[in-house]
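Coordinates from structure.txt are shown below (compact mmCIF, C-alpha atoms).
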# COMPACT_ATOMS: atom_id res chain seq x y z
CA MET A 1 1.14 -174.94 27.14
CA ASP A 2 4.92 -174.50 27.25
CA SER A 3 7.10 -172.84 24.64
CA ILE A 4 9.29 -175.19 22.59
CA ASP A 5 12.47 -174.17 24.40
CA LEU A 6 10.84 -174.65 27.82
CA GLU A 7 9.64 -178.09 26.74
CA VAL A 8 13.22 -178.94 25.72
CA LEU A 9 14.54 -177.95 29.14
CA LYS A 10 11.82 -179.81 31.06
CA THR A 11 12.33 -182.97 29.02
CA SER A 12 16.11 -182.75 29.46
CA ALA A 13 15.70 -182.42 33.23
CA ALA A 14 13.45 -185.50 33.28
CA TRP A 15 15.97 -187.53 31.27
CA ILE A 16 18.81 -186.51 33.59
CA ALA A 17 16.74 -187.37 36.67
CA ALA A 18 16.00 -190.80 35.16
CA GLY A 19 19.72 -191.48 34.71
CA HIS A 20 19.87 -191.04 30.93
CA ARG A 21 22.69 -189.35 29.08
CA CYS A 22 21.53 -186.58 26.80
CA GLU A 23 22.76 -183.60 24.81
CA LEU A 24 21.46 -180.07 24.34
CA VAL A 25 21.83 -178.73 20.79
CA THR A 26 21.59 -174.96 20.19
CA VAL A 27 21.58 -173.04 16.90
CA ILE A 28 24.33 -170.43 17.27
CA LYS A 29 24.80 -169.16 13.72
CA THR A 30 23.25 -169.48 10.27
CA TRP A 31 24.26 -168.44 6.76
CA GLY A 32 21.81 -168.21 3.90
CA SER A 33 18.32 -169.58 4.50
CA SER A 34 17.59 -171.51 7.68
CA PRO A 35 14.25 -172.88 8.93
CA ARG A 36 15.08 -172.28 12.62
CA PRO A 37 16.38 -169.08 14.26
CA ILE A 38 19.51 -168.50 16.32
CA GLY A 39 18.89 -169.75 19.85
CA ALA A 40 16.54 -172.58 18.81
CA THR A 41 17.18 -175.76 20.80
CA LEU A 42 16.84 -179.50 20.62
CA ALA A 43 17.59 -182.20 23.18
CA ILE A 44 18.51 -185.76 22.25
CA CYS A 45 18.48 -188.72 24.64
CA ASP A 46 20.85 -191.68 24.58
CA ASP A 47 18.02 -193.89 23.30
CA GLY A 48 17.42 -191.64 20.28
CA ARG A 49 14.41 -189.71 21.55
CA VAL A 50 14.37 -186.02 20.66
CA VAL A 51 12.42 -182.92 21.66
CA GLY A 52 12.64 -179.53 19.96
CA SER A 53 14.06 -178.66 16.56
CA VAL A 54 17.11 -177.02 15.02
CA SER A 55 16.46 -177.50 11.31
CA GLY A 56 12.94 -178.69 10.71
CA GLY A 57 13.96 -182.36 10.44
CA CYS A 58 16.94 -182.82 8.11
CA ILE A 59 19.77 -182.36 10.60
CA GLU A 60 17.78 -184.00 13.38
CA ASP A 61 17.80 -187.23 11.39
CA ASP A 62 21.62 -187.15 11.21
CA LEU A 63 21.96 -186.39 14.94
CA ILE A 64 19.63 -189.26 15.85
CA ALA A 65 21.46 -191.68 13.54
CA ARG A 66 24.80 -190.78 15.12
CA VAL A 67 23.49 -191.30 18.66
CA ARG A 68 21.92 -194.63 17.77
CA SER A 69 25.09 -195.91 16.08
CA GLU A 70 27.74 -194.39 18.35
CA GLY A 71 25.92 -193.43 21.55
CA ILE A 72 26.58 -190.16 23.36
CA THR A 73 30.34 -189.92 23.73
CA ARG A 74 30.99 -186.19 24.17
CA THR A 75 32.27 -185.09 27.55
CA LEU A 76 32.66 -181.40 26.67
CA PRO A 77 30.64 -178.95 24.53
CA GLU A 78 31.48 -178.94 20.83
CA ILE A 79 30.77 -176.55 17.98
CA VAL A 80 29.76 -178.29 14.73
CA SER A 81 28.67 -177.04 11.30
CA TYR A 82 26.30 -178.49 8.74
CA GLY A 83 26.03 -177.52 5.10
CA ILE A 84 29.43 -175.93 4.48
CA THR A 85 29.84 -177.64 1.10
CA ALA A 86 27.28 -177.73 -1.69
CA ASP A 87 27.04 -181.52 -1.30
CA GLU A 88 26.29 -181.19 2.42
CA ALA A 89 23.74 -178.45 1.78
CA HIS A 90 21.96 -180.75 -0.66
CA ARG A 91 22.27 -183.77 1.64
CA PHE A 92 20.80 -182.02 4.68
CA GLY A 93 18.17 -180.13 2.78
CA LEU A 94 19.37 -176.66 3.73
CA PRO A 95 17.62 -174.29 1.29
CA CYS A 96 19.62 -171.93 -0.90
CA GLY A 97 22.89 -173.54 0.14
CA GLY A 98 22.42 -172.44 3.75
CA THR A 99 24.80 -173.36 6.54
CA ILE A 100 24.00 -173.84 10.21
CA GLU A 101 26.38 -173.88 13.19
CA LEU A 102 25.40 -175.75 16.32
CA ALA A 103 26.65 -176.04 19.88
CA ILE A 104 26.26 -179.60 21.19
CA GLU A 105 26.52 -179.82 24.98
CA PRO A 106 26.46 -183.08 26.98
CA LEU A 107 24.08 -182.67 29.92
CA GLY A 108 24.26 -184.06 33.42
CA PRO A 109 23.49 -183.12 37.03
CA ASP A 110 26.12 -180.36 36.90
CA SER A 111 24.46 -178.70 33.91
CA ARG A 112 22.06 -176.88 36.30
CA ILE A 113 19.01 -177.50 34.13
CA ALA A 114 16.74 -178.11 37.13
CA GLU A 115 17.96 -174.90 38.77
CA LEU A 116 17.37 -173.02 35.53
CA LEU A 117 13.81 -174.34 35.39
CA GLY A 118 13.25 -173.21 38.97
CA ARG A 119 14.21 -169.67 38.05
CA LEU A 120 12.05 -169.74 34.94
CA GLU A 121 9.05 -170.79 37.05
CA GLN A 122 9.55 -167.50 38.89
CA HIS A 123 9.37 -165.71 35.50
CA GLN A 124 13.01 -164.67 35.67
CA LEU A 125 15.01 -163.88 32.54
CA VAL A 126 18.14 -165.97 33.00
CA GLU A 127 21.57 -165.93 31.36
CA ARG A 128 23.21 -169.36 31.14
CA ARG A 129 26.97 -169.43 30.52
CA VAL A 130 28.69 -172.65 29.45
CA ASP A 131 32.48 -172.80 29.64
CA LEU A 132 33.48 -174.56 26.41
CA ARG A 133 36.82 -175.69 27.89
CA THR A 134 35.45 -177.32 31.06
CA GLY A 135 31.69 -177.61 30.59
CA ALA A 136 31.08 -175.65 33.80
CA VAL A 137 27.77 -173.76 33.91
CA THR A 138 26.89 -170.50 35.64
CA LEU A 139 23.46 -168.84 35.87
CA ASP A 140 22.84 -165.12 36.25
CA LYS A 141 20.16 -162.52 35.66
CA ALA A 142 19.93 -161.56 31.99
CA ALA A 143 19.25 -158.15 30.52
CA ALA A 144 16.16 -157.89 28.33
CA SER A 145 18.35 -156.70 25.45
CA ALA A 146 20.89 -159.53 25.75
CA VAL A 147 21.41 -161.90 22.81
CA LEU A 148 23.16 -165.24 22.32
CA ALA A 149 26.92 -164.85 22.32
CA LEU A 150 29.73 -167.27 21.44
CA THR A 151 33.42 -166.75 22.17
CA ASP A 152 36.41 -169.08 22.17
CA GLU A 153 35.81 -169.63 25.88
CA ALA A 154 32.05 -169.70 26.39
CA LEU A 155 28.53 -169.93 25.01
CA VAL A 156 26.06 -167.52 26.61
CA THR A 157 22.32 -168.04 26.07
CA GLN A 158 19.20 -166.39 27.48
CA HIS A 159 16.12 -168.17 28.80
CA GLY A 160 12.75 -166.95 29.99
CA PRO A 161 9.98 -164.65 28.82
CA ARG A 162 11.33 -161.57 27.02
CA TRP A 163 7.88 -160.15 26.29
CA ARG A 164 4.95 -159.27 28.56
CA LEU A 165 1.24 -159.44 27.76
CA LEU A 166 -1.51 -157.97 29.93
CA ILE A 167 -4.96 -159.36 29.16
CA ILE A 168 -7.90 -157.41 30.57
CA GLY A 169 -10.73 -159.81 31.35
CA ALA A 170 -10.72 -163.46 32.42
CA GLY A 171 -13.33 -164.85 30.03
CA GLN A 172 -13.18 -167.77 27.63
CA LEU A 173 -11.36 -165.88 24.88
CA SER A 174 -8.73 -164.73 27.39
CA ARG A 175 -7.91 -168.35 28.21
CA PHE A 176 -7.12 -169.13 24.57
CA VAL A 177 -5.06 -165.96 24.14
CA ALA A 178 -3.16 -166.67 27.38
CA GLN A 179 -2.37 -170.28 26.39
CA ILE A 180 -1.06 -169.42 22.95
CA ALA A 181 0.87 -166.36 24.16
CA SER A 182 2.53 -168.43 26.90
CA ALA A 183 3.70 -170.88 24.23
CA MET A 184 5.18 -167.90 22.40
CA ASP A 185 7.35 -167.00 25.43
CA TYR A 186 5.20 -164.15 26.72
CA HIS A 187 4.91 -163.61 30.46
CA VAL A 188 1.13 -163.36 30.62
CA THR A 189 -0.87 -161.51 33.27
CA VAL A 190 -4.67 -161.58 33.31
CA CYS A 191 -6.51 -158.84 35.18
CA ASP A 192 -10.16 -158.93 36.17
CA PRO A 193 -11.82 -157.34 39.23
CA ARG A 194 -15.00 -159.38 38.67
CA GLU A 195 -15.23 -162.35 41.02
CA GLU A 196 -17.61 -164.28 38.76
CA TYR A 197 -14.97 -164.38 36.01
CA ARG A 198 -11.96 -165.01 38.27
CA SER A 199 -13.70 -167.99 39.90
CA GLY A 200 -13.98 -169.70 36.53
CA TRP A 201 -10.33 -169.25 35.55
CA THR A 202 -8.75 -172.61 34.65
CA LEU A 203 -5.10 -171.80 33.89
CA PRO A 204 -3.24 -171.87 37.22
CA GLU A 205 0.10 -171.37 35.45
CA VAL A 206 -1.02 -167.94 34.20
CA ARG A 207 -0.99 -165.10 36.73
CA LEU A 208 -4.51 -163.83 37.53
CA VAL A 209 -4.75 -160.48 39.32
CA HIS A 210 -7.69 -158.98 41.22
CA ALA A 211 -7.26 -155.26 40.51
CA MET A 212 -8.64 -152.41 38.47
CA PRO A 213 -7.00 -152.71 35.05
CA ASP A 214 -5.87 -149.07 34.80
CA ASP A 215 -4.14 -149.33 38.18
CA LEU A 216 -2.32 -152.47 37.05
CA VAL A 217 -1.25 -150.85 33.76
CA LEU A 218 0.46 -148.08 35.73
CA GLU A 219 1.96 -150.56 38.21
CA MET A 220 3.47 -152.70 35.44
CA LYS A 221 5.37 -149.75 33.91
CA LEU A 222 4.82 -151.01 30.38
CA ASP A 223 7.82 -150.83 28.07
CA ARG A 224 8.47 -151.52 24.39
CA ARG A 225 8.40 -155.28 25.11
CA SER A 226 4.88 -155.09 26.55
CA ALA A 227 1.44 -155.57 24.99
CA VAL A 228 -2.09 -154.97 26.28
CA VAL A 229 -5.30 -156.56 24.99
CA ALA A 230 -8.71 -155.54 26.39
CA LEU A 231 -11.28 -158.35 26.08
CA THR A 232 -14.11 -157.51 28.49
CA HIS A 233 -16.48 -155.50 26.24
CA ASP A 234 -17.02 -153.34 29.35
CA PRO A 235 -16.01 -149.66 28.93
CA LYS A 236 -15.77 -149.26 32.71
CA LEU A 237 -12.91 -151.78 32.75
CA ASP A 238 -11.37 -151.28 29.33
CA ASP A 239 -11.34 -147.54 28.63
CA LEU A 240 -9.17 -146.18 31.45
CA ALA A 241 -6.74 -149.07 31.07
CA LEU A 242 -6.50 -148.46 27.31
CA MET A 243 -5.93 -144.75 27.92
CA GLU A 244 -2.97 -145.47 30.21
CA ALA A 245 -1.62 -148.17 27.88
CA LEU A 246 -1.75 -145.87 24.86
CA LYS A 247 0.34 -143.32 26.77
CA SER A 248 2.96 -145.97 27.56
CA ASP A 249 5.75 -147.46 25.45
CA ALA A 250 3.80 -150.71 24.90
CA PHE A 251 4.42 -151.95 21.37
CA TYR A 252 0.83 -153.16 20.97
CA VAL A 253 -2.51 -152.07 22.46
CA GLY A 254 -5.70 -153.72 21.21
CA ALA A 255 -9.37 -153.94 22.13
CA ILE A 256 -12.09 -156.37 21.09
CA GLY A 257 -15.46 -155.25 19.77
CA SER A 258 -17.30 -154.50 16.55
CA ARG A 259 -16.25 -151.68 14.28
CA ALA A 260 -19.20 -149.63 15.53
CA ASN A 261 -18.29 -150.19 19.20
CA ASN A 262 -14.66 -149.38 18.53
CA ALA A 263 -15.66 -146.14 16.82
CA LYS A 264 -17.62 -145.19 19.95
CA ARG A 265 -14.61 -146.18 22.09
CA ARG A 266 -12.35 -143.87 20.11
CA GLU A 267 -14.82 -141.02 20.61
CA ARG A 268 -14.80 -141.66 24.36
CA LEU A 269 -11.01 -141.85 24.54
CA LEU A 270 -10.67 -138.55 22.71
CA GLN A 271 -12.49 -136.94 25.62
CA PHE A 272 -9.54 -137.90 27.83
CA ASP A 273 -6.10 -136.36 27.49
CA LEU A 274 -5.01 -138.56 24.60
CA THR A 275 -3.49 -137.09 21.48
CA PRO A 276 -4.69 -138.23 18.03
CA ALA A 277 -1.29 -139.87 17.53
CA GLN A 278 -1.68 -141.88 20.74
CA LEU A 279 -5.21 -142.93 19.82
CA ASP A 280 -4.00 -144.01 16.39
CA ARG A 281 -1.90 -146.69 18.11
CA LEU A 282 -5.07 -148.52 19.19
CA HIS A 283 -5.74 -151.75 17.29
CA GLY A 284 -9.49 -152.10 17.23
CA PRO A 285 -11.27 -154.21 16.24
CA VAL A 286 -8.35 -156.27 17.47
CA GLY A 287 -6.67 -158.90 15.29
CA LEU A 288 -5.94 -159.65 11.66
CA TYR A 289 -8.87 -160.56 9.45
CA ILE A 290 -8.88 -164.33 9.00
CA GLY A 291 -12.65 -164.86 9.11
CA SER A 292 -12.38 -165.95 12.76
CA LYS A 293 -15.57 -167.00 14.54
CA THR A 294 -14.66 -169.25 17.47
CA PRO A 295 -12.68 -168.10 20.55
CA ALA A 296 -9.67 -170.16 19.44
CA GLU A 297 -9.72 -168.61 15.96
CA ILE A 298 -10.12 -165.12 17.37
CA ALA A 299 -7.15 -165.74 19.70
CA ILE A 300 -5.02 -166.75 16.71
CA SER A 301 -6.15 -163.61 14.90
CA ILE A 302 -5.15 -161.40 17.84
CA LEU A 303 -1.75 -162.98 18.30
CA ALA A 304 -1.10 -162.93 14.55
CA GLU A 305 -1.56 -159.17 14.53
CA MET A 306 0.50 -158.75 17.68
CA THR A 307 3.29 -160.79 16.11
CA ALA A 308 3.17 -158.75 12.92
CA VAL A 309 3.50 -155.52 14.91
CA LYS A 310 6.30 -156.96 17.06
CA ASN A 311 8.20 -158.06 13.96
CA GLY A 312 7.80 -154.73 12.21
CA VAL A 313 5.44 -155.79 9.41
CA PRO A 314 4.16 -152.56 7.79
CA ARG A 315 0.56 -151.79 8.65
CA GLU A 316 -0.42 -151.54 4.98
CA LEU A 317 0.53 -155.21 4.53
CA GLN A 318 -1.77 -156.34 7.34
CA VAL A 319 -5.39 -157.24 6.56
CA ASN A 320 -7.14 -155.83 9.61
CA HIS A 321 -10.71 -156.05 10.81
CA ALA A 322 -11.49 -152.52 9.70
CA ALA A 323 -11.16 -153.63 6.08
CA PRO A 324 -12.44 -157.22 5.87
CA LEU A 325 -12.43 -159.28 2.73
CA GLU A 326 -15.92 -159.45 1.23
CA ALA A 327 -17.28 -162.97 0.89
CA PRO A 328 -18.80 -163.82 -2.52
CA GLY A 329 -22.45 -162.79 -2.66
CA THR A 330 -22.31 -160.95 0.65
CA SER A 331 -23.18 -157.31 1.05
CA ALA A 332 -20.32 -155.37 2.64
CA CYS A 333 -22.88 -153.57 4.80
CA ALA A 334 -23.96 -156.90 6.28
CA ILE A 335 -20.50 -157.98 7.43
CA THR A 336 -19.97 -157.78 11.19
CA LEU A 337 -16.93 -158.99 13.06
CA GLN A 338 -16.06 -159.54 16.68
Take the structure I supplied and represent it as structure tokens, if you would.
Amino acid sequence: MDSIDLEVLKTSAAWIAAGHRCELVTVIKTWGSSPRPIGATLAICDDGRVVGSVSGGCIEDDLIARVRSEGITRTLPEIVSYGITADEAHRFGLPCGGTIELAIEPLGPDSRIAELLGRLEQHQLVERRVDLRTGAVTLDKAAASAVLALTDEALVTQHGPRWRLLIIGAGQLSRFVAQIASAMDYHVTVCDPREEYRSGWTLPEVRLVHAMPDDLVLEMKLDRRSAVVALTHDPKLDDLALMEALKSDAFYVGAIGSRANNAKRRERLLQFDLTPAQLDRLHGPVGLYIGSKTPAEIAISILAEMTAVKNGVPRELQVNHAAPLEAPGTSACAITLQ
């Protein structure tokens, strides 16, 4: 499962290879409320097909109508704005009188989209610079902290996974977590030393490593853009890896298991050289409470909590598995969660 922006690039490359004219549209600035963030992309083909989104539908309709009535006529990138006046805001459905500024770039063989995709397949973080005066494109390595930049001369965008996720265990739940996380632009690594689990892995696009998890945690040099989720239920695999992850700068460390098993895990980890503050960073049972039962639902729960932590949502606003909502007529003592 690709992220939306990767799907836009792959579709654009296919259109170019098939001889179609197409344009890449990028959100570069917003004022007021906007349904899509800066950096969001859309591609539109000369026959009116689109992939991606820049506004949630309202502006896309106008872009499609223009292409169908006028064709693709741009030869150089152009900066356009929608919603500057109150009438335009109402017409395009921008909430709260919002305004959105877009870069519209005609694509062709010289746009280096295929080369960009090649670098992304190698999990590189790439900076793409478009000269607004000539349309010339250069590609370079991007810094993890880099952000979209627009000057009078150029538009600079970043592409590739900015976040890393290490999943310990290659079971069924791990496959769902890996798929969804990949679509969220995480560079996912799955670690499992057990041959019986590795042999059943069915996501060739996700890196699968045969190693002891704690060794891999140290090798990866986890930073504040890294997350670790332990999903094996096996203390021999999970505990040492969690200990090393909790000492790192990883923004999120979680472990699956019941509340009782996680309490026992915390007791075990305290016997290592972890401080109470480090142990307090452990999310366990992992995930937000959404009543999840199936592997797919549990994966959504895990990634919802990870997203909340990444985006700085206060812990007191999160409904975690340690404090589940009580179903009507159910004894709280009888509630057990994964």
Tell me which protein, DNA and RNA residues are within 6 Å of Tyr186 of chain A, counting only C-alpha atoms, leaving out same-chain ones fewer than 6 positions away, and put them as a list in words.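 Near Tyr186 of chain A, the qualifying residues are Pro161, Trp163 and Arg164 of chain A.
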Atomic distance atom CA of Ala40 of chain A - atom CA of Ser226 of chain A, expressed in Å with one decimal: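 Going from atom CA of Ala40 of chain A over to atom CA of Ser226 of chain A covers 22.4 Å.
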Give me the residues near segment 171-183 of chain A as JSON, numbers by chain, where near means some atom within 8 Å (using all atoms listed in the file) and where sequence neighbours in that chain fewer than 3 positions away do not count. {"A": [1, 2, 3, 4, 165, 167, 186, 187, 188, 190, 197, 201, 202, 203, 206, 231, 232, 295, 296, 298, 299, 300, 302, 303]}
At what distance in Å, to one decimal, does atom CA of Val25 of chain A lie from atom CA of Tyr82 of chain A? 12.9 Å
Env of Ala263 of chain A: 9 Å cut, atoms = all atoms listed in the file, seq-sep filter 5 positions within chain, self excluded. Answer as a VMD selection string. chain A and resid 258 268 284
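Note that the spacing between atom CA of Gly71 of chain A and atom CA of Leu6 of chain A amounts to 24.9 Å.
Minimum atom-to-atom distance to Ser55 of chain A, evaluated using only C-alpha atoms, belongs to A:Glu101 out of A:Glu101, A:Cys22, A:Lys141, A:Glu70.
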Would you pick out the contacts of segment 115-119 of chain A at 10 Å or less, using all atoms listed in the file, so that residues sharing its chain but fewer than 6 positions from it are not included, and give the list as a PyMOL selection string? chain A and resi 6+9-10+13+125-128+138-141+159-160
Just to be explicit: take each residue in the selection above, keep C-alpha atoms, and write the result as a PDB file, in the coordinates of the input.
ATOM      1  CA  LEU A   6      10.840-174.650  27.820  1.00  0.00           C
ATOM      2  CA  LEU A   9      14.540-177.950  29.140  1.00  0.00           C
ATOM      3  CA  LYS A  10      11.820-179.810  31.060  1.00  0.00           C
ATOM      4  CA  ALA A  13      15.700-182.420  33.230  1.00  0.00           C
ATOM      5  CA  LEU A 125      15.010-163.880  32.540  1.00  0.00           C
ATOM      6  CA  VAL A 126      18.140-165.970  33.000  1.00  0.00           C
ATOM      7  CA  GLU A 127      21.570-165.930  31.360  1.00  0.00           C
ATOM      8  CA  ARG A 128      23.210-169.360  31.140  1.00  0.00           C
ATOM      9  CA  THR A 138      26.890-170.500  35.640  1.00  0.00           C
ATOM     10  CA  LEU A 139      23.460-168.840  35.870  1.00  0.00           C
ATOM     11  CA  ASP A 140      22.840-165.120  36.250  1.00  0.00           C
ATOM     12  CA  LYS A 141      20.160-162.520  35.660  1.00  0.00           C
ATOM     13  CA  HIS A 159      16.120-168.170  28.800  1.00  0.00           C
ATOM     14  CA  GLY A 160      12.750-166.950  29.990  1.00  0.00           C
TER      15      GLY A 160
END
Using the file's own x, y and z axes, so that the box edges lie along x, y and z, what centre and edge lengths in Å (one decimal) does a box around every listed atom of segment 195-204 of chain A get when 5 Å is added on each side? Give it as AutoDock Vina command-line options.
--center_x -10.4 --center_y -167.5 --center_z 37.5 --size_x 24.4 --size_y 20.3 --size_z 17.1
Skip Val54 of chain A itself and residues of its chain fewer than 3 positions away, then list as a list of chain:residue names all residues within 10 Å of it, counting only C-alpha atoms.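 Returned residues: A:Val25, A:Thr26, A:Val27, A:Ser34, A:Pro35, A:Arg36, A:Pro37, A:Ile38, A:Gly39, A:Ala40, A:Thr41, A:Leu42, A:Ala43, A:Gly57, A:Cys58, A:Ile59, A:Glu60, A:Ile100, A:Glu101, A:Leu102.
Among the candidate residues A:Met306, A:Ile79, A:Glu196, A:Asp215, the one lying nearest to Ala154 of chain A is A:Ile79, with distances computed using all atoms listed in the file.
Using all atoms listed in the file for every distance, the candidate list A:Ala65, A:Thr99, A:Asp5, A:Ala304 yields A:Asp5 as the residue closest to Val51 of chain A.
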Which residue out of A:Asp62, A:Glu219, A:Glu205, A:Asp152 has the minimum interatomic distance to Ala245 of chain A when only C-alpha atoms are used? A:Glu219
